[in-house]
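**Student:** Pasting start_37.txt here (compact mmCIF, N, CA and C atoms):
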# COMPACT_ATOMS: atom_id res chain seq x y z
N MET A 494 14.92 -31.38 25.07
CA MET A 494 14.88 -31.88 26.43
C MET A 494 14.45 -33.33 26.38
N SER A 495 15.04 -34.19 27.23
CA SER A 495 14.74 -35.62 27.20
C SER A 495 13.38 -35.90 27.81
N SER A 496 12.81 -37.06 27.45
CA SER A 496 11.49 -37.42 27.98
C SER A 496 11.57 -37.68 29.48
N HIS A 497 12.72 -38.11 29.97
CA HIS A 497 12.87 -38.34 31.41
C HIS A 497 12.69 -37.03 32.16
N THR A 498 13.27 -35.96 31.66
CA THR A 498 13.13 -34.67 32.31
C THR A 498 11.67 -34.21 32.26
N GLU A 499 10.98 -34.42 31.15
CA GLU A 499 9.57 -34.05 31.04
C GLU A 499 8.74 -34.85 32.03
N THR A 500 9.07 -36.15 32.20
CA THR A 500 8.35 -36.97 33.18
C THR A 500 8.57 -36.42 34.58
N ASP A 501 9.79 -36.05 34.90
CA ASP A 501 10.08 -35.46 36.21
C ASP A 501 9.30 -34.17 36.40
N LEU A 502 9.23 -33.36 35.35
CA LEU A 502 8.51 -32.10 35.41
C LEU A 502 7.04 -32.34 35.72
N ASP A 503 6.45 -33.37 35.12
CA ASP A 503 5.04 -33.69 35.34
C ASP A 503 4.75 -34.14 36.77
N ARG A 504 5.77 -34.57 37.48
CA ARG A 504 5.58 -35.05 38.86
C ARG A 504 5.71 -33.94 39.90
N LEU A 505 6.08 -32.75 39.46
CA LEU A 505 6.24 -31.64 40.39
C LEU A 505 4.89 -31.10 40.85
N PRO A 506 4.86 -30.49 42.05
CA PRO A 506 3.64 -29.78 42.45
C PRO A 506 3.35 -28.68 41.43
N PHE A 507 2.07 -28.32 41.32
CA PHE A 507 1.64 -27.37 40.30
C PHE A 507 2.47 -26.08 40.29
N THR A 508 2.67 -25.46 41.45
CA THR A 508 3.35 -24.16 41.47
C THR A 508 4.79 -24.27 40.97
N GLU A 509 5.49 -25.34 41.34
CA GLU A 509 6.86 -25.51 40.84
C GLU A 509 6.85 -25.74 39.33
N TYR A 510 5.95 -26.60 38.89
CA TYR A 510 5.80 -26.88 37.46
C TYR A 510 5.50 -25.59 36.69
N ALA A 511 4.55 -24.82 37.19
CA ALA A 511 4.14 -23.59 36.51
C ALA A 511 5.28 -22.59 36.43
N ARG A 512 6.08 -22.50 37.48
CA ARG A 512 7.24 -21.58 37.46
C ARG A 512 8.24 -21.97 36.38
N ILE A 513 8.53 -23.27 36.28
CA ILE A 513 9.49 -23.73 35.28
C ILE A 513 8.97 -23.49 33.87
N VAL A 514 7.68 -23.78 33.65
CA VAL A 514 7.08 -23.56 32.33
C VAL A 514 7.10 -22.07 31.99
N ALA A 515 6.83 -21.21 32.98
CA ALA A 515 6.85 -19.76 32.75
C ALA A 515 8.25 -19.29 32.40
N GLU A 516 9.26 -19.84 33.06
CA GLU A 516 10.64 -19.47 32.75
C GLU A 516 10.98 -19.87 31.31
N ARG A 517 10.54 -21.05 30.90
CA ARG A 517 10.76 -21.48 29.51
C ARG A 517 10.05 -20.53 28.54
N GLY A 518 8.81 -20.20 28.87
CA GLY A 518 8.04 -19.30 28.01
C GLY A 518 8.68 -17.93 27.92
N ALA A 519 9.21 -17.44 29.04
CA ALA A 519 9.86 -16.13 29.04
C ALA A 519 11.07 -16.14 28.12
N LYS A 520 11.86 -17.20 28.16
CA LYS A 520 13.04 -17.30 27.29
C LYS A 520 12.63 -17.35 25.82
N GLU A 521 11.55 -18.08 25.56
CA GLU A 521 11.10 -18.26 24.17
C GLU A 521 10.40 -17.02 23.62
N HIS A 522 9.59 -16.34 24.45
CA HIS A 522 8.76 -15.23 23.97
C HIS A 522 9.21 -13.86 24.45
N GLY A 523 10.20 -13.81 25.32
CA GLY A 523 10.71 -12.52 25.77
C GLY A 523 10.04 -11.90 26.98
N GLY A 524 9.25 -12.67 27.71
CA GLY A 524 8.60 -12.13 28.91
C GLY A 524 9.61 -11.89 30.02
N THR A 525 9.26 -11.00 30.95
CA THR A 525 10.21 -10.64 32.01
C THR A 525 9.69 -10.89 33.43
N LEU A 526 8.41 -11.20 33.58
CA LEU A 526 7.85 -11.40 34.92
C LEU A 526 8.03 -12.84 35.39
N THR A 527 8.11 -13.02 36.70
CA THR A 527 8.13 -14.37 37.25
C THR A 527 6.70 -14.92 37.22
N PHE A 528 6.56 -16.21 37.45
CA PHE A 528 5.22 -16.79 37.44
C PHE A 528 4.34 -16.18 38.52
N ASP A 529 4.91 -15.99 39.70
CA ASP A 529 4.12 -15.39 40.79
C ASP A 529 3.65 -13.98 40.42
N GLU A 530 4.51 -13.23 39.76
CA GLU A 530 4.13 -11.88 39.32
C GLU A 530 3.03 -11.95 38.25
N LEU A 531 3.15 -12.93 37.35
CA LEU A 531 2.12 -13.10 36.31
C LEU A 531 0.77 -13.43 36.93
N ALA A 532 0.77 -14.37 37.87
CA ALA A 532 -0.48 -14.80 38.50
C ALA A 532 -1.13 -13.64 39.25
N ALA A 533 -0.33 -12.76 39.81
CA ALA A 533 -0.86 -11.63 40.58
C ALA A 533 -1.15 -10.41 39.70
N SER A 534 -0.72 -10.45 38.45
CA SER A 534 -0.87 -9.29 37.57
C SER A 534 -2.30 -9.15 37.05
N GLU A 535 -2.54 -8.03 36.41
CA GLU A 535 -3.84 -7.76 35.78
C GLU A 535 -3.82 -8.13 34.29
N LEU A 536 -2.74 -8.78 33.86
CA LEU A 536 -2.64 -9.15 32.44
C LEU A 536 -3.74 -10.15 32.08
N THR A 537 -4.23 -10.03 30.86
CA THR A 537 -5.27 -10.94 30.39
C THR A 537 -4.63 -12.25 29.91
N PHE A 538 -5.48 -13.24 29.69
CA PHE A 538 -5.00 -14.52 29.16
C PHE A 538 -4.23 -14.29 27.86
N ALA A 539 -4.80 -13.50 26.97
CA ALA A 539 -4.17 -13.26 25.66
C ALA A 539 -2.81 -12.58 25.82
N GLN A 540 -2.70 -11.64 26.74
CA GLN A 540 -1.43 -10.95 26.95
C GLN A 540 -0.37 -11.92 27.48
N ILE A 541 -0.75 -12.73 28.45
CA ILE A 541 0.20 -13.69 29.00
C ILE A 541 0.60 -14.71 27.95
N GLU A 542 -0.38 -15.15 27.18
CA GLU A 542 -0.10 -16.12 26.12
C GLU A 542 0.91 -15.56 25.11
N ALA A 543 0.76 -14.29 24.76
CA ALA A 543 1.67 -13.67 23.79
C ALA A 543 3.09 -13.56 24.34
N MET A 544 3.21 -13.34 25.66
CA MET A 544 4.53 -13.12 26.25
C MET A 544 5.19 -14.39 26.81
N TYR A 545 4.37 -15.44 27.09
CA TYR A 545 4.92 -16.63 27.76
C TYR A 545 4.45 -17.95 27.16
N GLY A 546 3.47 -17.90 26.28
CA GLY A 546 2.94 -19.12 25.70
C GLY A 546 1.63 -19.55 26.35
N GLU A 547 0.91 -20.40 25.64
CA GLU A 547 -0.42 -20.82 26.07
C GLU A 547 -0.41 -21.55 27.41
N GLU A 548 0.55 -22.45 27.60
CA GLU A 548 0.55 -23.24 28.84
C GLU A 548 0.73 -22.36 30.07
N THR A 549 1.59 -21.36 29.97
CA THR A 549 1.78 -20.44 31.09
C THR A 549 0.51 -19.63 31.33
N ALA A 550 -0.17 -19.21 30.27
CA ALA A 550 -1.42 -18.46 30.43
C ALA A 550 -2.47 -19.32 31.13
N ILE A 551 -2.55 -20.59 30.77
CA ILE A 551 -3.49 -21.50 31.43
C ILE A 551 -3.11 -21.66 32.89
N ASN A 552 -1.84 -21.87 33.16
CA ASN A 552 -1.38 -22.05 34.54
C ASN A 552 -1.62 -20.81 35.39
N ALA A 553 -1.46 -19.62 34.81
CA ALA A 553 -1.73 -18.39 35.55
C ALA A 553 -3.21 -18.31 35.90
N GLY A 554 -4.07 -18.72 34.98
CA GLY A 554 -5.50 -18.74 35.26
C GLY A 554 -5.84 -19.69 36.39
N ILE A 555 -5.19 -20.84 36.41
CA ILE A 555 -5.40 -21.81 37.48
C ILE A 555 -4.94 -21.21 38.81
N ALA A 556 -3.78 -20.60 38.81
CA ALA A 556 -3.23 -20.01 40.04
C ALA A 556 -4.11 -18.88 40.55
N ARG A 557 -4.80 -18.19 39.67
CA ARG A 557 -5.66 -17.07 40.06
C ARG A 557 -7.01 -17.52 40.63
N ASP A 558 -7.35 -18.78 40.44
CA ASP A 558 -8.67 -19.27 40.84
C ASP A 558 -8.71 -19.51 42.35
N PRO A 559 -9.45 -18.69 43.09
CA PRO A 559 -9.49 -18.84 44.55
C PRO A 559 -10.26 -20.08 45.00
N ASP A 560 -11.04 -20.67 44.11
CA ASP A 560 -11.83 -21.84 44.48
C ASP A 560 -11.08 -23.15 44.28
N ALA A 561 -9.87 -23.09 43.77
CA ALA A 561 -9.12 -24.32 43.51
C ALA A 561 -7.67 -24.19 43.95
N PRO A 562 -7.43 -23.99 45.25
CA PRO A 562 -6.04 -23.87 45.70
C PRO A 562 -5.33 -25.22 45.60
N GLU A 563 -4.02 -25.18 45.45
CA GLU A 563 -3.24 -26.41 45.41
C GLU A 563 -3.26 -27.05 46.79
N TRP A 564 -3.45 -28.35 46.83
CA TRP A 564 -3.48 -29.06 48.11
C TRP A 564 -2.07 -29.20 48.68
N THR A 565 -1.97 -29.02 49.98
CA THR A 565 -0.70 -29.20 50.69
C THR A 565 -0.61 -30.65 51.16
N ALA A 566 0.54 -31.04 51.69
CA ALA A 566 0.71 -32.39 52.24
C ALA A 566 -0.27 -32.61 53.39
N GLU A 567 -0.54 -31.55 54.16
CA GLU A 567 -1.50 -31.66 55.27
C GLU A 567 -2.91 -31.91 54.74
N ASP A 568 -3.27 -31.24 53.63
CA ASP A 568 -4.59 -31.46 53.03
C ASP A 568 -4.75 -32.93 52.63
N TRP A 569 -3.72 -33.47 51.97
CA TRP A 569 -3.78 -34.87 51.53
C TRP A 569 -3.84 -35.81 52.73
N ALA A 570 -3.13 -35.47 53.80
CA ALA A 570 -3.14 -36.33 54.99
C ALA A 570 -4.53 -36.36 55.64
N ARG A 571 -5.27 -35.26 55.56
CA ARG A 571 -6.61 -35.19 56.14
C ARG A 571 -7.68 -35.79 55.24
N ALA A 572 -7.37 -35.97 53.98
CA ALA A 572 -8.36 -36.45 53.01
C ALA A 572 -8.84 -37.85 53.37
N ARG A 573 -10.11 -38.11 53.14
CA ARG A 573 -10.73 -39.40 53.40
C ARG A 573 -11.53 -39.82 52.18
N PRO A 574 -11.67 -41.13 51.96
CA PRO A 574 -12.47 -41.59 50.83
C PRO A 574 -13.93 -41.17 50.97
N ALA A 575 -14.57 -40.98 49.87
CA ALA A 575 -15.98 -40.59 49.87
C ALA A 575 -16.84 -41.61 50.60
N THR A 576 -16.44 -42.89 50.56
CA THR A 576 -17.22 -43.92 51.25
C THR A 576 -17.23 -43.70 52.76
N GLU A 577 -16.22 -43.01 53.31
CA GLU A 577 -16.19 -42.70 54.73
C GLU A 577 -16.91 -41.39 55.04
N VAL A 578 -16.81 -40.42 54.15
CA VAL A 578 -17.34 -39.08 54.42
C VAL A 578 -18.83 -38.99 54.12
N VAL A 579 -19.25 -39.48 52.99
CA VAL A 579 -20.67 -39.40 52.58
C VAL A 579 -21.13 -40.76 52.04
N PRO A 580 -21.16 -41.78 52.91
CA PRO A 580 -21.49 -43.13 52.42
C PRO A 580 -22.87 -43.22 51.78
N HIS A 581 -23.83 -42.43 52.26
CA HIS A 581 -25.18 -42.48 51.69
C HIS A 581 -25.20 -42.00 50.24
N ILE A 582 -24.37 -41.04 49.92
CA ILE A 582 -24.31 -40.55 48.53
C ILE A 582 -23.64 -41.59 47.65
N VAL A 583 -22.55 -42.17 48.14
CA VAL A 583 -21.84 -43.20 47.37
C VAL A 583 -22.76 -44.39 47.12
N GLU A 584 -23.48 -44.81 48.15
CA GLU A 584 -24.39 -45.94 48.01
C GLU A 584 -25.48 -45.65 46.98
N ARG A 585 -26.03 -44.45 47.04
CA ARG A 585 -27.08 -44.10 46.08
C ARG A 585 -26.52 -44.07 44.65
N TYR A 586 -25.31 -43.54 44.49
CA TYR A 586 -24.69 -43.50 43.17
C TYR A 586 -24.47 -44.91 42.65
N ARG A 587 -24.00 -45.79 43.51
CA ARG A 587 -23.73 -47.16 43.08
C ARG A 587 -25.00 -47.92 42.72
N ARG A 588 -26.14 -47.49 43.27
CA ARG A 588 -27.40 -48.17 42.98
C ARG A 588 -28.07 -47.62 41.73
N THR A 589 -27.50 -46.61 41.09
CA THR A 589 -28.14 -46.08 39.89
C THR A 589 -28.07 -47.12 38.78
N ARG A 590 -29.07 -47.09 38.00
CA ARG A 590 -29.18 -48.06 36.93
C ARG A 590 -28.21 -47.72 35.81
N GLY A 591 -27.49 -48.71 35.36
CA GLY A 591 -26.57 -48.53 34.24
C GLY A 591 -27.27 -48.74 32.91
N LYS A 592 -26.49 -48.74 31.88
CA LYS A 592 -27.04 -48.95 30.55
C LYS A 592 -27.57 -50.38 30.42
N GLN A 593 -28.73 -50.53 29.80
CA GLN A 593 -29.32 -51.85 29.63
C GLN A 593 -28.50 -52.68 28.65
N LYS A 594 -28.27 -53.94 29.00
CA LYS A 594 -27.51 -54.83 28.11
C LYS A 594 -28.34 -55.17 26.88
N ALA A 595 -29.62 -55.45 27.11
CA ALA A 595 -30.55 -55.74 26.01
C ALA A 595 -31.77 -54.85 26.22
N PRO A 596 -31.73 -53.64 25.69
CA PRO A 596 -32.83 -52.70 25.95
C PRO A 596 -34.19 -53.27 25.57
N THR A 597 -35.11 -53.15 26.50
CA THR A 597 -36.47 -53.62 26.23
C THR A 597 -37.43 -52.45 26.10
N LYS A 598 -36.95 -51.27 26.42
CA LYS A 598 -37.79 -50.08 26.33
C LYS A 598 -37.14 -49.08 25.38
N GLU A 599 -37.97 -48.25 24.83
CA GLU A 599 -37.50 -47.24 23.88
C GLU A 599 -37.70 -45.86 24.50
N LYS A 600 -36.67 -45.05 24.47
CA LYS A 600 -36.78 -43.70 25.00
C LYS A 600 -37.44 -42.81 23.95
N VAL A 601 -38.52 -42.13 24.38
CA VAL A 601 -39.26 -41.25 23.47
C VAL A 601 -39.59 -39.96 24.20
N THR A 602 -39.96 -38.96 23.46
CA THR A 602 -40.43 -37.70 24.03
C THR A 602 -41.90 -37.57 23.67
N VAL A 603 -42.73 -37.39 24.69
CA VAL A 603 -44.17 -37.27 24.50
C VAL A 603 -44.65 -36.06 25.28
N ARG A 604 -45.51 -35.26 24.67
CA ARG A 604 -46.11 -34.13 25.39
C ARG A 604 -47.43 -34.59 25.98
N LEU A 605 -47.54 -34.49 27.31
CA LEU A 605 -48.74 -34.89 28.01
C LEU A 605 -49.32 -33.69 28.75
N ASP A 606 -50.59 -33.73 29.03
CA ASP A 606 -51.22 -32.66 29.81
C ASP A 606 -50.59 -32.64 31.20
N ALA A 607 -50.44 -31.43 31.73
CA ALA A 607 -49.79 -31.25 33.02
C ALA A 607 -50.51 -31.99 34.15
N ASP A 608 -51.85 -32.01 34.10
CA ASP A 608 -52.57 -32.68 35.18
C ASP A 608 -52.37 -34.19 35.16
N ILE A 609 -52.16 -34.76 33.97
CA ILE A 609 -51.90 -36.20 33.86
C ILE A 609 -50.54 -36.51 34.48
N VAL A 610 -49.52 -35.74 34.11
CA VAL A 610 -48.18 -35.94 34.65
C VAL A 610 -48.20 -35.74 36.17
N ALA A 611 -48.87 -34.70 36.64
CA ALA A 611 -48.96 -34.43 38.08
C ALA A 611 -49.59 -35.61 38.81
N HIS A 612 -50.63 -36.20 38.23
CA HIS A 612 -51.30 -37.35 38.85
C HIS A 612 -50.31 -38.49 39.09
N PHE A 613 -49.53 -38.84 38.08
CA PHE A 613 -48.59 -39.95 38.22
C PHE A 613 -47.42 -39.59 39.13
N ARG A 614 -46.95 -38.36 39.04
CA ARG A 614 -45.83 -37.94 39.89
C ARG A 614 -46.21 -37.90 41.37
N GLU A 615 -47.46 -37.65 41.67
CA GLU A 615 -47.92 -37.63 43.06
C GLU A 615 -47.66 -38.96 43.76
N GLY A 616 -47.61 -40.02 43.00
CA GLY A 616 -47.34 -41.34 43.56
C GLY A 616 -45.88 -41.57 43.92
N GLY A 617 -45.03 -40.60 43.60
CA GLY A 617 -43.61 -40.71 43.95
C GLY A 617 -42.80 -41.46 42.91
N LYS A 618 -41.67 -41.96 43.40
CA LYS A 618 -40.72 -42.66 42.54
C LYS A 618 -41.41 -43.81 41.80
N GLY A 619 -41.04 -43.99 40.55
CA GLY A 619 -41.65 -45.04 39.74
C GLY A 619 -42.85 -44.59 38.93
N TRP A 620 -43.06 -43.27 38.90
CA TRP A 620 -44.25 -42.75 38.20
C TRP A 620 -44.23 -43.08 36.72
N GLN A 621 -43.07 -43.13 36.10
CA GLN A 621 -43.01 -43.43 34.67
C GLN A 621 -43.40 -44.88 34.41
N THR A 622 -43.00 -45.78 35.31
CA THR A 622 -43.39 -47.18 35.18
C THR A 622 -44.90 -47.33 35.32
N ARG A 623 -45.47 -46.62 36.29
CA ARG A 623 -46.93 -46.66 36.47
C ARG A 623 -47.64 -46.11 35.24
N LEU A 624 -47.12 -45.05 34.67
CA LEU A 624 -47.71 -44.48 33.46
C LEU A 624 -47.64 -45.50 32.32
N ASN A 625 -46.49 -46.15 32.18
CA ASN A 625 -46.31 -47.17 31.16
C ASN A 625 -47.31 -48.31 31.35
N ASN A 626 -47.49 -48.75 32.60
CA ASN A 626 -48.42 -49.85 32.88
C ASN A 626 -49.87 -49.46 32.57
N THR A 627 -50.22 -48.22 32.88
CA THR A 627 -51.57 -47.73 32.58
C THR A 627 -51.80 -47.70 31.07
N LEU A 628 -50.82 -47.22 30.33
CA LEU A 628 -50.94 -47.21 28.86
C LEU A 628 -51.04 -48.63 28.32
N ARG A 629 -50.26 -49.54 28.89
CA ARG A 629 -50.28 -50.93 28.45
C ARG A 629 -51.69 -51.52 28.61
N LYS A 630 -52.30 -51.27 29.78
CA LYS A 630 -53.66 -51.78 30.04
C LYS A 630 -54.66 -51.17 29.06
N ALA A 631 -54.52 -49.87 28.81
CA ALA A 631 -55.47 -49.18 27.93
C ALA A 631 -55.34 -49.66 26.48
N VAL A 632 -54.12 -49.91 26.06
CA VAL A 632 -53.90 -50.27 24.66
C VAL A 632 -53.98 -51.78 24.42
N LEU A 633 -53.39 -52.56 25.30
CA LEU A 633 -53.30 -54.01 25.10
C LEU A 633 -54.25 -54.80 25.98
N GLY A 634 -54.90 -54.12 26.90
CA GLY A 634 -55.84 -54.78 27.75
C GLY A 634 -55.21 -55.68 28.82
N GLY A 635 -53.99 -55.48 29.12
CA GLY A 635 -53.43 -56.38 30.14
C GLY A 635 -52.20 -55.85 30.66
Once more with this new file: its structure as structure tokens, please.

**Tutor:**
Amino acid sequence: MSSHTETDLDRLPFTEYARIVAERGAKEHGGTLTFDELAASELTFAQIEAMYGEETAINAGIARDPDAPEWTAEDWARARPATEVVPHIVERYRRTRGKQKAPTKEKVTVRLDADIVAHFREGGKGWQTRLNNTLRKAVLGG
């Protein structure tokens, strides 16, 4: 099959794509069920894979997942960017600190007494910086 046809196949909605792949798998492996019948069947992944190939088995699993239905044109028309729907979450995500260009601190694991950690955490956000500053004063005097 030409690469142009494969490209066209990749542009199809999932259900159409899965049906075509299942038909190919049936011809190659001798399966007799349609994709819709496979998705509704009680066959296991291994059974479908043996009769239709791995890709069809994966696609049947996707089709069986009630938490991930294929989006319709209406679903896409109603979709809105996250910046419109939950701007506070997007803003908080964008404000997260990225990787340091020139790291000045070293990440370590230290076991501390629970009451010490609780004391610093009571102060809220920034407790690790406060802990670091307290250690700095104790060790370096400044």

**Student:** How close does segment 540-629 of chain A get to segment 514-534 of chain A? List, as JSON lines, each residue of segment 540-629 of chain A within 5 Å, its nearest atom pair and the distance in Å to one decimal, counting all atoms listed in the file.

**Tutor:**
{"residue": "A:Met544", "atom": "C", "partner": "A:Gly524", "partner_atom": "N", "distance": 4.5}
{"residue": "A:Tyr545", "atom": "C", "partner": "A:Gly518", "partner_atom": "CA", "distance": 3.9}
{"residue": "A:Ala553", "atom": "CA", "partner": "A:Ala532", "partner_atom": "CA", "distance": 4.8}

**Student:** I'd like the interatomic distance between atom C of Asp560 of chain A and atom CA of Glu584 of chain A, to a tenth of an Å.

**Tutor:**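 Spanning atom C of Asp560 of chain A to atom CA of Glu584 of chain A is a straight-line distance of 26.7 Å.
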
**Student:** Write out as a VMD selection string each polymer residue whose atoms come within 12 Å of Trp564 of chain A, counting only C-alpha atoms; drop sequence neighbours fewer than 4 positions from it.

**Tutor:** chain A and resid 506 to 508 560 568 to 572
